[in-house]
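Each remark here refers to the structure printed beneath this line.
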Amino acid sequence: MLEYKQVVAGYSQPVIGPVSFRIEAGEVVGLSGPNGIGKSTLFRVLSGEARLFSGGIHRQPGLRLAHHRQEPVRSQENPLTGSDLLAVNRAPAPPREHRLTPLLGWRIDQLSGGQLQLLELWCALNGPAELVLLDEPTHHLDHEAHEQLACLLAEARAGRRAVLIVSHEPAFCRRVCSRQIDLGAVTAAREP
Amino acid sequence: MELLLDPMFRMPFFSGLLLAPLAALLGVYLRLRTEWLAALAYTQLAAAGGMLAVVLHLPVLAGALTAAVLTAGAKGLSGRTGNDHFALAFLLAWGVTLLLAGFSHHGSHMGTALLDGQLYFTGPAHLTAGLLLALAITLLLPWLHRPLLLGRLYPDHFDLNQQRGWHYGLMFDLLAVLTLAVCATAFGVMATFALVFIPPWLAWHLAVGWRQTLLLAMLLALGAYLAAFVLAIAVDQPFGPVLVVLLGLMAMLRLLPRRGMRRD
């Protein structure tokens, strides 16, 4: 589905790499490592926000991606409702008993950080994207929302969707990921 | 009242009736893109184009529309967003408009008309332009709606998916500048800016949901337009300033509490 081959990425200078890994349908792969190591840069290089210094990224032709950013765009005032957000993402509504359902009629600027986070994660994981990039998805989430995210990721593993997670929470990664890549170890290995 | 029913005012009335809600509708999307200052820059650039047309003895509307298309093209090619360059464009266009106005007596008269708004003197060209714009917006906005929202909420969406996204922005800019150019030559520069800025600003605060925001912005613009049309004739004042004052008073609606539930 997506393969990083000896990727060295950064901005004005390289930040991370060389890194090699691949992800296939039905996998939930965790990228872990200390803060500042360049985990998010590996996502940004896909959209051109970060620079690819060397190596290559090969993606399945026509692959659709969704990216849940660590700091999503949030306006102080925004009249969109949860239902509008689902429609923009072409994601189905959650089941009636889901904790998100009562929030769908609210303006998203009236949702708490955690509620909006969970709603956006629902959209990313239930929209048309075959590969979902989640950057620190547990940010703002309470215990119950953690559990629901874990369920969503379990469904992704059971289906044809692939998920690539950047997280600094090893326990969460261990729980939800089918495979983990320790970027700290990769970087340490290339340093003298 | 007799004046209001005068056939002479029918065409301007219907032209304004079409253009006012269209301006507010596009204003909601400009606000979404955090480009509300664009409205002022676009209208002033259209005014500068109209003024240049006067100097060159060409139709004002043609000059305004040409300036609008060139503006949209330049903005699309630059790929820039945000308000800084719009502020600069507005200032330059304002200076050019006033300098060009000094070239002839007709130019000076046109300068005043662009400031005051000359809705009551508009003819079939504005009505036709309004109908064509309404048709274009009805056909194109449903197609542009989702990409514009996606581009705002998820700025890397198109690049990430190796899709072209710029043409949606260019098409919207073209619709916006053409509408604002026609509005500027009918309502005046500041009245057009007020229509693009105030109703969407109020709807953004009061509405719940995107559809409601669009509808409320258009209704507020329509209400203000109807009131200004009648009042300007009744008190024998220029249309533009009357509309701006009414919209300014309408801005008090921002003080209303918003419907809906509180954050937990």
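We name chains A, B, ... following the order of the structure tokens; residues begin at 1 in each chain, and ligands are numbered from 1 as shown.
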Wanna dump the chain B-chain A contacts at 9 Å for me, each residue with its shortest atom pair and the distance in Å to one decimal, counting only C-alpha atoms, ordered by chain and number, as CSV?
```
residue,atom,partner,partner_atom,distance
B:Leu32,CA,A:Asn78,CA,8.5
B:Arg146,CA,A:Val88,CA,5.9
B:Pro147,CA,A:Val88,CA,8.5
B:Leu149,CA,A:Val88,CA,7.0
B:Leu150,CA,A:Val88,CA,6.7
B:Arg152,CA,A:Val73,CA,7.8
B:Leu153,CA,A:Val73,CA,5.7
B:Tyr154,CA,A:Val73,CA,7.1
B:Pro155,CA,A:Val73,CA,8.2
B:Asp156,CA,A:Ser47,CA,6.1
B:His157,CA,A:Ala66,CA,7.1
B:Phe158,CA,A:Ser47,CA,8.1
B:Asp159,CA,A:Ser47,CA,4.8
B:Leu160,CA,A:Ser47,CA,4.2
B:Asn161,CA,A:Arg64,CA,5.9
B:Gln162,CA,A:Ser47,CA,7.8
B:Ala203,CA,A:Pro79,CA,8.3
B:Trp204,CA,A:Pro79,CA,5.6
B:His205,CA,A:Pro79,CA,7.0
B:Leu206,CA,A:Pro79,CA,7.9
B:Ala207,CA,A:Pro79,CA,6.2
B:Val208,CA,A:Pro79,CA,5.5
B:Gly209,CA,A:Leu80,CA,4.6
B:Trp210,CA,A:Leu80,CA,5.2
B:Arg211,CA,A:Leu80,CA,8.8
B:Gln212,CA,A:Pro79,CA,8.7
B:Thr213,CA,A:Pro79,CA,6.9
B:Gly260,CA,A:Trp106,CA,6.7
B:Met261,CA,A:Trp106,CA,7.2
B:Arg262,CA,A:Gln110,CA,6.3
B:Arg263,CA,A:Gln110,CA,5.2
B:Asp264,CA,A:Ser112,CA,6.7
```
So that I have them on file, write out the residues from the current selection with N, CA and C atoms, as a CSV table (one decimal), in the first residue's frame.
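The resulting file, selection.csv, is shown below:
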```csv
chain,number,residue,atom,x,y,z
B,32,LEU,N,-15.0,31.7,5.4
B,32,LEU,CA,-14.5,30.4,5.6
B,32,LEU,C,-13.0,30.4,5.3
B,146,ARG,N,-17.7,21.3,-1.3
B,146,ARG,CA,-16.9,20.4,-0.5
B,146,ARG,C,-15.4,20.6,-0.7
B,147,PRO,N,-14.9,20.8,-1.9
B,147,PRO,CA,-13.5,21.1,-2.0
B,147,PRO,C,-13.0,22.4,-1.2
B,149,LEU,N,-14.5,23.5,1.6
B,149,LEU,CA,-14.5,23.2,3.0
B,149,LEU,C,-13.3,22.2,3.3
B,150,LEU,N,-13.0,21.3,2.4
B,150,LEU,CA,-11.9,20.4,2.7
B,150,LEU,C,-10.6,21.1,2.7
B,152,ARG,N,-10.1,24.1,3.6
B,152,ARG,CA,-9.9,24.9,4.8
B,152,ARG,C,-9.7,24.1,6.0
B,153,LEU,N,-10.5,23.0,6.1
B,153,LEU,CA,-10.4,22.1,7.3
B,153,LEU,C,-9.1,21.2,7.3
B,154,TYR,N,-8.8,20.8,6.1
B,154,TYR,CA,-7.6,19.9,6.0
B,154,TYR,C,-6.7,20.4,4.9
B,155,PRO,N,-5.9,21.4,5.3
B,155,PRO,CA,-5.1,22.1,4.2
B,155,PRO,C,-4.2,21.2,3.4
B,156,ASP,N,-3.8,20.0,3.9
B,156,ASP,CA,-2.9,19.1,3.1
B,156,ASP,C,-3.7,18.1,2.3
B,157,HIS,N,-5.0,18.1,2.4
B,157,HIS,CA,-5.8,17.0,1.8
B,157,HIS,C,-5.5,16.8,0.3
B,158,PHE,N,-5.4,17.8,-0.5
B,158,PHE,CA,-5.2,17.6,-2.0
B,158,PHE,C,-3.8,17.2,-2.2
B,159,ASP,N,-2.8,17.8,-1.6
B,159,ASP,CA,-1.4,17.4,-1.8
B,159,ASP,C,-1.2,16.0,-1.4
B,160,LEU,N,-1.7,15.6,-0.2
B,160,LEU,CA,-1.6,14.3,0.3
B,160,LEU,C,-2.1,13.2,-0.6
B,161,ASN,N,-3.2,13.6,-1.3
B,161,ASN,CA,-3.8,12.6,-2.2
B,161,ASN,C,-3.4,12.8,-3.6
B,162,GLN,N,-2.4,13.6,-3.8
B,162,GLN,CA,-1.8,13.9,-5.2
B,162,GLN,C,-2.9,14.4,-6.1
B,203,ALA,N,-24.3,35.7,10.5
B,203,ALA,CA,-24.7,34.3,10.3
B,203,ALA,C,-23.7,33.4,10.9
B,204,TRP,N,-22.5,33.7,10.8
B,204,TRP,CA,-21.4,32.8,11.3
B,204,TRP,C,-21.6,32.7,12.8
B,205,HIS,N,-22.1,33.8,13.5
B,205,HIS,CA,-22.2,33.7,14.9
B,205,HIS,C,-23.5,33.1,15.3
B,206,LEU,N,-24.6,33.3,14.6
B,206,LEU,CA,-25.9,32.9,15.0
B,206,LEU,C,-26.4,31.5,14.5
B,207,ALA,N,-25.9,31.1,13.3
B,207,ALA,CA,-26.5,29.9,12.7
B,207,ALA,C,-25.9,28.7,13.3
B,208,VAL,N,-26.6,27.6,13.1
B,208,VAL,CA,-26.1,26.3,13.5
B,208,VAL,C,-26.1,25.4,12.3
B,209,GLY,N,-25.0,25.2,11.7
B,209,GLY,CA,-24.9,24.4,10.5
B,209,GLY,C,-24.6,25.2,9.3
B,210,TRP,N,-24.0,24.6,8.3
B,210,TRP,CA,-23.5,25.4,7.2
B,210,TRP,C,-24.7,25.9,6.3
B,211,ARG,N,-25.6,25.0,6.1
B,211,ARG,CA,-26.8,25.4,5.2
B,211,ARG,C,-27.5,26.6,5.9
B,212,GLN,N,-27.7,26.5,7.2
B,212,GLN,CA,-28.4,27.6,7.9
B,212,GLN,C,-27.5,28.9,7.8
B,213,THR,N,-26.2,28.8,7.9
B,213,THR,CA,-25.4,29.9,7.8
B,213,THR,C,-25.5,30.6,6.4
B,260,GLY,N,-28.2,26.6,21.0
B,260,GLY,CA,-27.4,25.4,21.1
B,260,GLY,C,-27.0,25.2,22.5
B,261,MET,N,-26.2,24.1,22.7
B,261,MET,CA,-25.8,23.7,24.1
B,261,MET,C,-24.5,24.2,24.4
B,262,ARG,N,-24.2,24.3,25.7
B,262,ARG,CA,-22.9,24.7,26.1
B,262,ARG,C,-21.9,23.6,26.0
B,263,ARG,N,-20.6,24.0,26.0
B,263,ARG,CA,-19.5,23.0,26.0
B,263,ARG,C,-19.5,22.3,27.4
B,264,ASP,N,-19.3,21.0,27.4
B,264,ASP,CA,-19.3,20.4,28.7
B,264,ASP,C,-18.0,20.5,29.4
```
>> Give me, as a PyMOL selection string, all polymer residues having an atom no more than 6 Å from range 41-44 of chain B, counting only C-alpha atoms and skipping those fewer than 6 positions away in the same chain.
In response: chain B and resi 86+89-90+93+177+180-181+184+189
What would the file look like if the residues just selected were written as an mmCIF file, in the first residue's frame with N, CA, C and O atoms?
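Output (selection.cif):
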```cif
data_model
loop_
_atom_site.group_PDB
_atom_site.id
_atom_site.type_symbol
_atom_site.label_atom_id
_atom_site.label_comp_id
_atom_site.auth_asym_id
_atom_site.auth_seq_id
_atom_site.Cartn_x
_atom_site.Cartn_y
_atom_site.Cartn_z
ATOM 1 N N PHE B 86 -4.360 41.359 0.388
ATOM 2 C CA PHE B 86 -5.616 42.024 0.026
ATOM 3 C C PHE B 86 -5.627 43.465 0.542
ATOM 4 O O PHE B 86 -6.158 44.361 -0.113
ATOM 5 N N ALA B 89 -3.527 45.379 -1.861
ATOM 6 C CA ALA B 89 -4.243 45.556 -3.135
ATOM 7 C C ALA B 89 -5.321 46.627 -2.991
ATOM 8 O O ALA B 89 -5.515 47.461 -3.878
ATOM 9 N N PHE B 90 -6.023 46.606 -1.859
ATOM 10 C CA PHE B 90 -7.083 47.605 -1.640
ATOM 11 C C PHE B 90 -6.501 49.016 -1.648
ATOM 12 O O PHE B 90 -7.022 49.919 -2.318
ATOM 13 N N ALA B 93 -5.390 50.033 -5.140
ATOM 14 C CA ALA B 93 -6.550 50.252 -6.022
ATOM 15 C C ALA B 93 -7.279 51.543 -5.651
ATOM 16 O O ALA B 93 -7.749 52.273 -6.524
ATOM 17 N N VAL B 177 -14.959 37.568 -7.595
ATOM 18 C CA VAL B 177 -14.563 38.885 -8.116
ATOM 19 C C VAL B 177 -15.553 39.393 -9.154
ATOM 20 O O VAL B 177 -15.831 40.591 -9.212
ATOM 21 N N LEU B 180 -18.541 40.626 -7.202
ATOM 22 C CA LEU B 180 -18.223 41.858 -6.473
ATOM 23 C C LEU B 180 -18.018 43.028 -7.428
ATOM 24 O O LEU B 180 -18.346 44.173 -7.098
ATOM 25 N N ALA B 181 -17.498 42.736 -8.623
ATOM 26 C CA ALA B 181 -17.328 43.822 -9.603
ATOM 27 C C ALA B 181 -18.686 44.382 -10.015
ATOM 28 O O ALA B 181 -18.872 45.602 -10.083
ATOM 29 N N ALA B 184 -20.099 46.246 -7.055
ATOM 30 C CA ALA B 184 -19.426 47.526 -6.780
ATOM 31 C C ALA B 184 -19.944 48.625 -7.698
ATOM 32 O O ALA B 184 -20.098 49.774 -7.275
ATOM 33 N N VAL B 189 -18.641 50.811 -3.604
ATOM 34 C CA VAL B 189 -17.582 49.957 -3.046
ATOM 35 C C VAL B 189 -17.879 49.571 -1.598
ATOM 36 O O VAL B 189 -17.861 48.396 -1.225
#
```
> Contacts of range 123-128 of chain B at 9 Å or less, counting only C-alpha atoms, minus same-chain residues fewer than 3 places along, as a PyMOL selection string?
Replying inline: chain B and resi 11-12+14-16+18-19+61+119-120+131-133+182-183+185-186
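Using only C-alpha atoms, the residues found no farther than 7 Å from Ser32 in chain A, other than those of its own chain fewer than 6 positions away, are Val166, Ser167, His168, Ile181, Asp182 and Leu183 of chain A.
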> as JSON, numbers by chain, which residues of range 67-177 of chain A does DSSP assign to alpha helix (DSSP H)?
Replying inline: {"A": [82, 83, 84, 85, 86, 87, 88, 89, 113, 114, 115, 116, 117, 118, 119, 120, 121, 122, 123, 124, 125, 126, 143, 144, 145, 146, 147, 148, 149, 150, 151, 152, 153, 154, 155, 156, 157, 158, 170, 171, 172, 173, 174, 175, 176]}
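With only C-alpha atoms taken into account, the protein and nucleic acid residues at most 9 Å from Ala20 in chain B (excluding it and anything under 2 positions from it in its own chain) are B:Ser15, B:Gly16, B:Leu17, B:Leu18, B:Leu22, B:Ala23, B:Ala24, B:Leu25, B:Cys183, B:Phe187, B:Thr192, B:Leu195, B:Val196, B:Met218, B:Ala221, B:Leu222, B:Ala224, B:Tyr225.
Close contacts of Gly63 in chain B, defined as residues with an atom at most 12 Å away when counting only C-alpha atoms, with chain neighbours fewer than 6 positions off set aside, comprise Leu45, Ala46, Ala47, Ala48, Gly49, Gly50, Met51, Leu52, Ala53, Val54, Val55, Leu56, His57, Val69, Leu70, Leu178, Ala181, Val182, Ala184 and Thr185 of chain B.
Atom pair CA of Gly73 in chain B / CA of Thr179 in chain B has a distance of 14.9 Å (rounded to one decimal).
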Near Glu27 in chain A, counting only C-alpha atoms, which residues have an atom at most 9 Å away, once you skip same-chain residues fewer than 6 positions from it, shown as a PDB file with N, CA and C atoms, in the first residue's frame?
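The resulting selection-v7.pdb:
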```
ATOM      1  N   ALA A 156     -10.523  -1.217  12.049  1.00  0.00           N
ATOM      2  CA  ALA A 156      -9.656  -0.951  10.885  1.00  0.00           C
ATOM      3  C   ALA A 156      -8.779  -2.171  10.609  1.00  0.00           C
ATOM      4  N   ARG A 157      -8.271  -2.791  11.681  1.00  0.00           N
ATOM      5  CA  ARG A 157      -7.411  -3.981  11.521  1.00  0.00           C
ATOM      6  C   ARG A 157      -8.194  -5.131  10.908  1.00  0.00           C
ATOM      7  N   ALA A 158      -9.474  -5.183  11.298  1.00  0.00           N
ATOM      8  CA  ALA A 158     -10.298  -6.286  10.783  1.00  0.00           C
ATOM      9  C   ALA A 158     -10.684  -6.045   9.315  1.00  0.00           C
ATOM     10  N   ARG A 160     -10.099  -3.581   5.515  1.00  0.00           N
ATOM     11  CA  ARG A 160      -9.061  -3.416   4.500  1.00  0.00           C
ATOM     12  C   ARG A 160      -8.317  -2.098   4.659  1.00  0.00           C
ATOM     13  N   ARG A 161      -8.672  -1.367   5.699  1.00  0.00           N
ATOM     14  CA  ARG A 161      -8.047  -0.054   5.892  1.00  0.00           C
ATOM     15  C   ARG A 161      -6.705  -0.221   6.607  1.00  0.00           C
ATOM     16  N   ALA A 162      -5.755   0.620   6.293  1.00  0.00           N
ATOM     17  CA  ALA A 162      -4.480   0.614   7.011  1.00  0.00           C
ATOM     18  C   ALA A 162      -4.360   1.916   7.794  1.00  0.00           C
ATOM     19  N   VAL A 163      -3.714   1.837   8.943  1.00  0.00           N
ATOM     20  CA  VAL A 163      -3.561   3.023   9.788  1.00  0.00           C
ATOM     21  C   VAL A 163      -2.108   3.134  10.226  1.00  0.00           C
ATOM     22  N   LEU A 164      -1.571   4.336  10.079  1.00  0.00           N
ATOM     23  CA  LEU A 164      -0.212   4.616  10.527  1.00  0.00           C
ATOM     24  C   LEU A 164      -0.331   5.623  11.668  1.00  0.00           C
ATOM     25  N   CYS A 177      -1.698  -1.435  18.025  1.00  0.00           N
ATOM     26  CA  CYS A 177      -0.950  -1.624  16.777  1.00  0.00           C
ATOM     27  C   CYS A 177      -0.662  -3.101  16.510  1.00  0.00           C
ATOM     28  N   SER A 178      -0.684  -3.452  15.240  1.00  0.00           N
ATOM     29  CA  SER A 178      -0.296  -4.809  14.882  1.00  0.00           C
ATOM     30  C   SER A 178       1.225  -4.901  14.803  1.00  0.00           C
ATOM     31  N   ARG A 179       1.868  -3.754  14.661  1.00  0.00           N
ATOM     32  CA  ARG A 179       3.330  -3.726  14.521  1.00  0.00           C
ATOM     33  C   ARG A 179       3.802  -2.335  14.939  1.00  0.00           C
TER      34      ARG A 179
END
```
> Any idea what the distance is between CA of Ala25 in chain A and CA of Cys151 in chain A?
Replying inline: 17.3 Å
Closest-contact table, range 106-132 of chain B side, partner range 229-245 of chain B, 12 Å, counting only C-alpha atoms, as JSON lines:
```
{"residue": "B:Thr112", "atom": "CA", "partner": "B:Pro238", "partner_atom": "CA", "distance": 10.4}
{"residue": "B:Ala113", "atom": "CA", "partner": "B:Pro238", "partner_atom": "CA", "distance": 9.1}
{"residue": "B:Leu114", "atom": "CA", "partner": "B:Gly240", "partner_atom": "CA", "distance": 8.9}
{"residue": "B:Leu115", "atom": "CA", "partner": "B:Gly240", "partner_atom": "CA", "distance": 7.4}
{"residue": "B:Asp116", "atom": "CA", "partner": "B:Gly240", "partner_atom": "CA", "distance": 4.9}
{"residue": "B:Gly117", "atom": "CA", "partner": "B:Gly240", "partner_atom": "CA", "distance": 4.7}
{"residue": "B:Gln118", "atom": "CA", "partner": "B:Phe239", "partner_atom": "CA", "distance": 7.2}
{"residue": "B:Leu119", "atom": "CA", "partner": "B:Phe239", "partner_atom": "CA", "distance": 7.0}
{"residue": "B:Tyr120", "atom": "CA", "partner": "B:Phe239", "partner_atom": "CA", "distance": 8.0}
{"residue": "B:Phe121", "atom": "CA", "partner": "B:Phe239", "partner_atom": "CA", "distance": 10.8}
```
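All residues of range 85-188 of chain A that DSSP, run on the backbone, classes as strand (DSSP E or B) are Arg107, Leu131, Val132, Leu133, Leu134, Asp135, Ala162, Val163, Leu164, Ile165, Val166, Arg179, Gln180, Ile181 and Asp182 of chain A.
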Produce a file of the selected residues containing all heavy atoms, as a short mmCIF file (atom, residue, chain, number, x, y, z; two decimals), in the first residue's frame.
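Everything below was put into part-v1.cif:
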```cif
data_model
loop_
_atom_site.label_atom_id
_atom_site.label_comp_id
_atom_site.auth_asym_id
_atom_site.auth_seq_id
_atom_site.Cartn_x
_atom_site.Cartn_y
_atom_site.Cartn_z
N ARG A 107 -22.75 22.82 16.98
CA ARG A 107 -21.68 23.49 16.25
C ARG A 107 -20.35 22.93 16.76
O ARG A 107 -20.21 22.69 17.97
CB ARG A 107 -21.71 25.00 16.53
CG ARG A 107 -22.81 25.76 15.82
CD ARG A 107 -22.91 27.17 16.35
NE ARG A 107 -21.67 27.92 16.23
CZ ARG A 107 -21.52 29.03 15.50
NH1 ARG A 107 -22.55 29.52 14.82
NH2 ARG A 107 -20.37 29.66 15.45
N LEU A 131 -5.81 4.57 3.57
CA LEU A 131 -4.71 4.69 4.53
C LEU A 131 -4.94 5.94 5.37
O LEU A 131 -5.10 7.04 4.83
CB LEU A 131 -3.37 4.78 3.80
CG LEU A 131 -2.14 5.07 4.68
CD1 LEU A 131 -1.94 3.99 5.74
CD2 LEU A 131 -0.88 5.20 3.84
N VAL A 132 -4.98 5.76 6.67
CA VAL A 132 -5.24 6.88 7.58
C VAL A 132 -3.98 7.15 8.39
O VAL A 132 -3.40 6.24 8.99
CB VAL A 132 -6.43 6.56 8.53
CG1 VAL A 132 -6.70 7.73 9.46
CG2 VAL A 132 -7.67 6.23 7.72
N LEU A 133 -3.56 8.40 8.39
CA LEU A 133 -2.39 8.81 9.17
C LEU A 133 -2.89 9.52 10.42
O LEU A 133 -3.62 10.53 10.32
CB LEU A 133 -1.51 9.78 8.36
CG LEU A 133 -1.19 9.39 6.92
CD1 LEU A 133 -0.42 10.51 6.21
CD2 LEU A 133 -0.36 8.10 6.89
N LEU A 134 -2.55 9.01 11.57
CA LEU A 134 -3.01 9.63 12.83
C LEU A 134 -1.80 10.15 13.59
O LEU A 134 -0.92 9.38 13.98
CB LEU A 134 -3.75 8.61 13.69
CG LEU A 134 -4.98 7.92 13.08
CD1 LEU A 134 -5.59 6.94 14.09
CD2 LEU A 134 -6.02 8.94 12.65
N ASP A 135 -1.77 11.45 13.80
CA ASP A 135 -0.65 12.07 14.50
C ASP A 135 -1.09 12.40 15.93
O ASP A 135 -1.93 13.29 16.13
CB ASP A 135 -0.24 13.35 13.76
CG ASP A 135 1.15 13.82 14.16
OD1 ASP A 135 1.67 13.32 15.18
OD2 ASP A 135 1.70 14.69 13.46
N ALA A 162 -5.76 0.62 6.29
CA ALA A 162 -4.48 0.61 7.01
C ALA A 162 -4.36 1.92 7.79
O ALA A 162 -4.88 2.95 7.36
CB ALA A 162 -3.32 0.49 6.03
N VAL A 163 -3.71 1.84 8.94
CA VAL A 163 -3.56 3.02 9.79
C VAL A 163 -2.11 3.13 10.23
O VAL A 163 -1.50 2.15 10.67
CB VAL A 163 -4.48 2.95 11.04
CG1 VAL A 163 -4.38 4.24 11.85
CG2 VAL A 163 -5.93 2.68 10.67
N LEU A 164 -1.57 4.34 10.08
CA LEU A 164 -0.21 4.62 10.53
C LEU A 164 -0.33 5.62 11.67
O LEU A 164 -0.91 6.70 11.49
CB LEU A 164 0.57 5.21 9.34
CG LEU A 164 2.08 5.19 9.34
CD1 LEU A 164 2.64 3.81 9.63
CD2 LEU A 164 2.59 5.68 7.98
N ILE A 165 0.19 5.24 12.83
CA ILE A 165 0.00 6.08 14.02
C ILE A 165 1.34 6.61 14.51
O ILE A 165 2.31 5.85 14.66
CB ILE A 165 -0.65 5.27 15.17
CG1 ILE A 165 -2.01 4.74 14.76
CG2 ILE A 165 -0.80 6.14 16.42
CD1 ILE A 165 -2.69 3.90 15.84
N VAL A 166 1.37 7.91 14.78
CA VAL A 166 2.50 8.51 15.48
C VAL A 166 2.01 8.80 16.89
O VAL A 166 0.98 9.47 17.07
CB VAL A 166 2.94 9.82 14.79
CG1 VAL A 166 3.64 10.73 15.76
CG2 VAL A 166 3.84 9.52 13.61
N ARG A 179 1.87 -3.75 14.66
CA ARG A 179 3.33 -3.73 14.52
C ARG A 179 3.80 -2.33 14.94
O ARG A 179 3.09 -1.35 14.71
CB ARG A 179 3.66 -3.98 13.06
CG ARG A 179 5.09 -4.11 12.70
CD ARG A 179 5.19 -4.94 11.41
NE ARG A 179 4.45 -4.36 10.29
CZ ARG A 179 4.94 -3.46 9.44
NH1 ARG A 179 6.17 -3.00 9.60
NH2 ARG A 179 4.22 -3.01 8.44
N GLN A 180 4.99 -2.27 15.55
CA GLN A 180 5.52 -0.97 15.95
C GLN A 180 6.93 -0.77 15.40
O GLN A 180 7.71 -1.71 15.31
CB GLN A 180 5.58 -0.89 17.47
CG GLN A 180 4.25 -0.58 18.11
CD GLN A 180 4.45 -0.16 19.55
OE1 GLN A 180 4.83 0.98 19.83
NE2 GLN A 180 4.22 -1.07 20.45
N ILE A 181 7.23 0.46 15.06
CA ILE A 181 8.59 0.79 14.59
C ILE A 181 9.15 1.85 15.53
O ILE A 181 8.55 2.92 15.68
CB ILE A 181 8.56 1.31 13.14
CG1 ILE A 181 8.02 0.22 12.22
CG2 ILE A 181 9.92 1.78 12.69
CD1 ILE A 181 7.54 0.71 10.89
N ASP A 182 10.25 1.51 16.17
CA ASP A 182 10.86 2.45 17.11
C ASP A 182 11.85 3.33 16.34
O ASP A 182 12.94 2.89 16.00
CB ASP A 182 11.56 1.66 18.23
CG ASP A 182 12.16 2.60 19.27
OD1 ASP A 182 12.04 3.84 19.10
OD2 ASP A 182 12.74 2.09 20.25
#
```
